[in-house]
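I have placed the structure first, in the form of structure tokens, so that the comments after it can refer back to it.
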Amino acid sequence: MSGQKIAIVTGAGTGVGRAAALALMKAGYAVVLTGRRKEMLDAVAKEGAAAGGKTLVVPTDIANPAAIKALFAKTKEAFGRLDVLFNNAGIGAPAMPLEDLPFEKWKAVVDTNLTGPFLCTQEAFRIMKNQTPRGGRIINNGSISAHTPRPQSVAYTSTKHAITGLTKQTALDGRPFDICCGQIDIGNAATPLTERMVKGAGVMQPDGSMKVEARMDADHVGNAVVYMAGLPLDTNVLFMTVMANQMPFVGRG
């Protein structure tokens with residue numbers, strides 16, 4: 001398709017990444033699907049193709065700098081440009097007291113949730129600054145944990161707070177080159193990662209009690225990503241929160 005826009009979605013095999021990738025395809029984007037599990041990416045590509053979507057599957061470990069370089073090189077080779085990067089891939093660490101978290105678990109979360117998006121942003125800048133038409137848009141998945149922590153989640157919370165800094169700096173440094181950056185903070189999208197919130201007693205609350213929490217359809221996040229991605233480059237959504245209305249976040253819960 002002449003003039004078709006190109007998007008990369010990290011962590012595209014499941015959950016929010018899958019929903020965003022399918023929504024972008026439905027909106028007419030060609031989507032580069034990346035994540036660690038090829039079989040999951042292939043399934044998303046097949047689903048998108050059935051609806052007329054164009055995809056490129058590039059299995060990538062976002063914690064691996066060399067793999068990130070290869071991802072962006074393959075994208076440029078296949079499509080010649082990049083219009084949207086959705087930095088979505090992320091992991092957590094097991095819930096435990098802060099002082100008991102092993103360094104290896106901390107480092108794994110930082111490598112995937114912070115260093116990976118930073119390196120992806122660097123590669124996106126290198127393409128977006130030098131293409132014609134110039135510019136593009138980077139969307140970071142911040143999570144509601146970028147605002148408020150859950151108990152015993154120091155690694156995840158720290159990286160998501162750091163993503164907010166990355167978003168602001170990227171928006172500032174991208175301004176001279178027509179590169180926009182915004183952040184979408186998601187609360188309790190119904191994905192495999194949030195299944196624990198609705199099973200048994202639910203999840204721990206700040207007072208130590210356990211509670212089952214409300215969730216929302218991940219498709220609403222996909223639609224929000226499409227809205228942000230589709231704005232002209234003289235307009236930016238710096239921060240957007242999309243959340244289950246009944247989840248205990250606003251006020252005292």
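Chain labels run A, B, ... following the order of the structure tokens; each chain numbers its residues from 1, and ligands are numbered from 1 in the order shown.
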### Members of range 149-232 of chain A assigned strand (DSSP E) by DSSP, as an NGL selection string
:A and (179-187 or 189-190 or 203-204 or 210-211 or 216-217)
### Message
So that I can see what lies close to range 237-240 of chain A, please list as a PyMOL selection string the residues with an atom at most 8 Å from it, counting only C-alpha atoms and leaving out residues fewer than 5 positions away in the same chain.
### Response
chain A and resi 167-168+171+181-185+228
Output C-alpha atoms for every residue in that selection, as a PDB file, in the first residue's frame.
```
ATOM      1  CA  THR A 167       9.073   9.491  27.980  1.00  0.00           C
ATOM      2  CA  LYS A 168       9.645  13.112  28.977  1.00  0.00           C
ATOM      3  CA  ALA A 171       9.572  13.978  23.899  1.00  0.00           C
ATOM      4  CA  CYS A 181       6.731  10.562  22.470  1.00  0.00           C
ATOM      5  CA  GLY A 182       3.850   9.740  24.787  1.00  0.00           C
ATOM      6  CA  GLN A 183       3.075   7.254  27.516  1.00  0.00           C
ATOM      7  CA  ILE A 184       0.032   5.080  28.107  1.00  0.00           C
ATOM      8  CA  ASP A 185      -0.495   3.978  31.710  1.00  0.00           C
ATOM      9  CA  MET A 228      -2.228   8.233  19.918  1.00  0.00           C
TER      10      MET A 228
END
```
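Between CA of Asp100 in chain A and CA of His161 in chain A there is a distance of 20.9 Å.
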### Task
Tell me, as a list in words, which residues lie within 12 Å of Val242 in chain A, counting only C-alpha atoms; anything in the same chain fewer than 2 positions away does not count.
Val16, Asn141, Gly142, Ser143, Ile144, Gln183, Ile184, Asp185, Ile186, Gly187, Asn188, Ala189, Arg215, Met216, Asp217, Ala218, Asp219, His220, Val221, Gly222, Asn223, Ala224, Val225, Phe239, Met240, Ala244, Asn245, Met247 and Phe249 of chain A
#### Entry: Nearest to Pro149 in chain A by atom-to-atom distance, counting only C-alpha atoms, from A:Ala19, A:Ile62, A:Ile68, A:Met204
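Using only C-alpha atoms, the shortest distance to Pro149 in chain A belongs to A:Met204.
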### Nearest to Thr115 in chain A by atom-to-atom distance, counting only C-alpha atoms, from A:Phe79, A:Val84, A:Ala63, A:Gln152
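Looking at the shortest contact to Thr115 in chain A, the residue is A:Ala63.
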### Query
So which residues touch Thr112 in chain A within 8 Å, counting only C-alpha atoms, skipping near sequence neighbours fewer than 3 positions away, as a list in words?
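Result of the neighbour search: Ile62, Ala63, Ala89, Gly90, Ile91, Ala108, Val109, Thr115, Gly116 and Pro117 of chain A.
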### Message
I'd like the contact shell of Glu123 in chain A - 12 Å cut-off, only C-alpha atoms, skipping same-chain residues fewer than 6 positions apart - returned as a PyMOL selection string.
### Response
chain A and resi 8+65-76+81-82+85+116-117+129-130+138
### Message
Run DSSP on the backbone and tell me which residues of range 14-159 of chain A come out as alpha helix (DSSP H); list them as a ChimeraX atom specification.
### Response
/A:15-26,38-50,65-79,103-110,116-128,154-159
### Query
Of the candidates A:Phe118, A:Tyr227, A:Phe86, A:Phe125, which shows the shortest atom-to-atom distance to Arg175 in chain A, using only C-alpha atoms?
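The closest residue to Arg175 in chain A is A:Phe125.
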Quick one: residues within 9 Å of Leu114 in chain A, only C-alpha atoms, excluding same-chain residues fewer than 5 positions away - as an mmCIF file with N, CA, C and O atoms, in the first residue's frame?
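Produced file result_35.cif, reproduced below:
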```cif
data_model
loop_
_atom_site.group_PDB
_atom_site.id
_atom_site.type_symbol
_atom_site.label_atom_id
_atom_site.label_comp_id
_atom_site.auth_asym_id
_atom_site.auth_seq_id
_atom_site.Cartn_x
_atom_site.Cartn_y
_atom_site.Cartn_z
ATOM 1 N N GLY A 90 7.471 -6.089 28.655
ATOM 2 C CA GLY A 90 7.873 -5.891 30.045
ATOM 3 C C GLY A 90 7.681 -7.161 30.853
ATOM 4 O O GLY A 90 6.900 -8.038 30.484
ATOM 5 N N VAL A 109 14.610 -7.459 35.257
ATOM 6 C CA VAL A 109 13.496 -6.527 35.073
ATOM 7 C C VAL A 109 14.002 -5.207 34.494
ATOM 8 O O VAL A 109 13.399 -4.643 33.574
ATOM 9 N N LEU A 119 17.068 1.387 24.350
ATOM 10 C CA LEU A 119 17.795 0.996 23.145
ATOM 11 C C LEU A 119 16.879 1.004 21.916
ATOM 12 O O LEU A 119 17.307 1.403 20.827
ATOM 13 N N THR A 159 11.186 0.522 37.532
ATOM 14 C CA THR A 159 11.380 0.661 36.088
ATOM 15 C C THR A 159 10.237 1.448 35.457
ATOM 16 O O THR A 159 10.462 2.216 34.516
ATOM 17 N N LYS A 160 9.025 1.278 35.941
ATOM 18 C CA LYS A 160 7.901 1.995 35.349
ATOM 19 C C LYS A 160 7.933 3.480 35.714
ATOM 20 O O LYS A 160 7.547 4.335 34.905
ATOM 21 N N ALA A 162 10.764 4.987 36.018
ATOM 22 C CA ALA A 162 11.845 5.431 35.134
ATOM 23 C C ALA A 162 11.352 5.630 33.705
ATOM 24 O O ALA A 162 11.835 6.524 33.000
ATOM 25 N N ILE A 163 10.394 4.831 33.272
ATOM 26 C CA ILE A 163 9.833 5.000 31.928
ATOM 27 C C ILE A 163 9.230 6.388 31.768
ATOM 28 O O ILE A 163 9.303 6.997 30.692
ATOM 29 N N LEU A 166 11.996 8.570 30.853
ATOM 30 C CA LEU A 166 12.376 8.303 29.466
ATOM 31 C C LEU A 166 11.382 8.946 28.501
ATOM 32 O O LEU A 166 11.773 9.525 27.483
#
```
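Candidate residues A:Asp173, A:Gly251, A:Thr164, A:Arg150 were compared for distance to Met210 in chain A, and the nearest is A:Arg150, using only C-alpha atoms.
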Write out as a Markdown table a residue-level contact list of range 163-252 of chain A versus range 28-31 of chain A with cut-off 12 Å: for each qualifying residue the closest pair of atoms and the distance in Å to one decimal, counting only C-alpha atoms, rows sorted by chain and residue number upward.
```
| residue | atom | partner | partner_atom | distance |
| --- | --- | --- | --- | --- |
| A:Val226 | CA | A:Tyr29 | CA | 9.6 |
| A:Ala229 | CA | A:Tyr29 | CA | 10.0 |
| A:Gly230 | CA | A:Tyr29 | CA | 10.0 |
```
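In terms of minimum interatomic distance to Arg18 in chain A, A:Pro192 ranks closest within A:Gly52, A:Pro97, A:Pro206, A:Pro192, counting only C-alpha atoms.
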### Message
Set the distance at 10 Å and use only C-alpha atoms: which residues neighbour Lys38 in chain A once local chain neighbours fewer than 5 positions away are removed? I'd like the list as an NGL selection string.
### Response
:A and (13 or 33 or 43-44 or 57-60)
Take the residues just selected and output them with N, CA and C atoms as a PDB file, in the first residue's frame.
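Okay, part_36.pdb is ready:
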```
ATOM      1  N   GLY A  13       3.143 -10.742  21.191  1.00  0.00           N
ATOM      2  CA  GLY A  13       2.548 -12.066  21.126  1.00  0.00           C
ATOM      3  C   GLY A  13       1.333 -12.284  21.992  1.00  0.00           C
ATOM      4  N   LEU A  33       5.949  -7.420  14.274  1.00  0.00           N
ATOM      5  CA  LEU A  33       5.612  -8.108  15.523  1.00  0.00           C
ATOM      6  C   LEU A  33       6.880  -8.682  16.132  1.00  0.00           C
ATOM      7  N   ALA A  43       0.928 -16.566  15.498  1.00  0.00           N
ATOM      8  CA  ALA A  43      -0.517 -16.642  15.690  1.00  0.00           C
ATOM      9  C   ALA A  43      -1.168 -15.269  15.518  1.00  0.00           C
ATOM     10  N   VAL A  44      -0.507 -14.230  16.033  1.00  0.00           N
ATOM     11  CA  VAL A  44      -1.023 -12.865  15.870  1.00  0.00           C
ATOM     12  C   VAL A  44      -0.960 -12.449  14.403  1.00  0.00           C
ATOM     13  N   VAL A  57       7.214 -10.734  11.127  1.00  0.00           N
ATOM     14  CA  VAL A  57       7.512 -11.354  12.418  1.00  0.00           C
ATOM     15  C   VAL A  57       9.023 -11.387  12.614  1.00  0.00           C
ATOM     16  N   VAL A  58       9.480 -10.751  13.701  1.00  0.00           N
ATOM     17  CA  VAL A  58      10.913 -10.732  14.023  1.00  0.00           C
ATOM     18  C   VAL A  58      11.076 -11.093  15.496  1.00  0.00           C
ATOM     19  N   PRO A  59      11.258 -12.373  15.819  1.00  0.00           N
ATOM     20  CA  PRO A  59      11.457 -12.753  17.227  1.00  0.00           C
ATOM     21  C   PRO A  59      12.668 -12.026  17.804  1.00  0.00           C
ATOM     22  N   THR A  60      12.468 -11.405  18.978  1.00  0.00           N
ATOM     23  CA  THR A  60      13.504 -10.561  19.568  1.00  0.00           C
ATOM     24  C   THR A  60      13.413 -10.603  21.086  1.00  0.00           C
TER      25      THR A  60
END
```
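Each of A:Ala95, A:Val203, A:Met243, A:Cys120 was checked against Ala190 in chain A using only C-alpha atoms; the smallest atom-to-atom distance is that of A:Met243.
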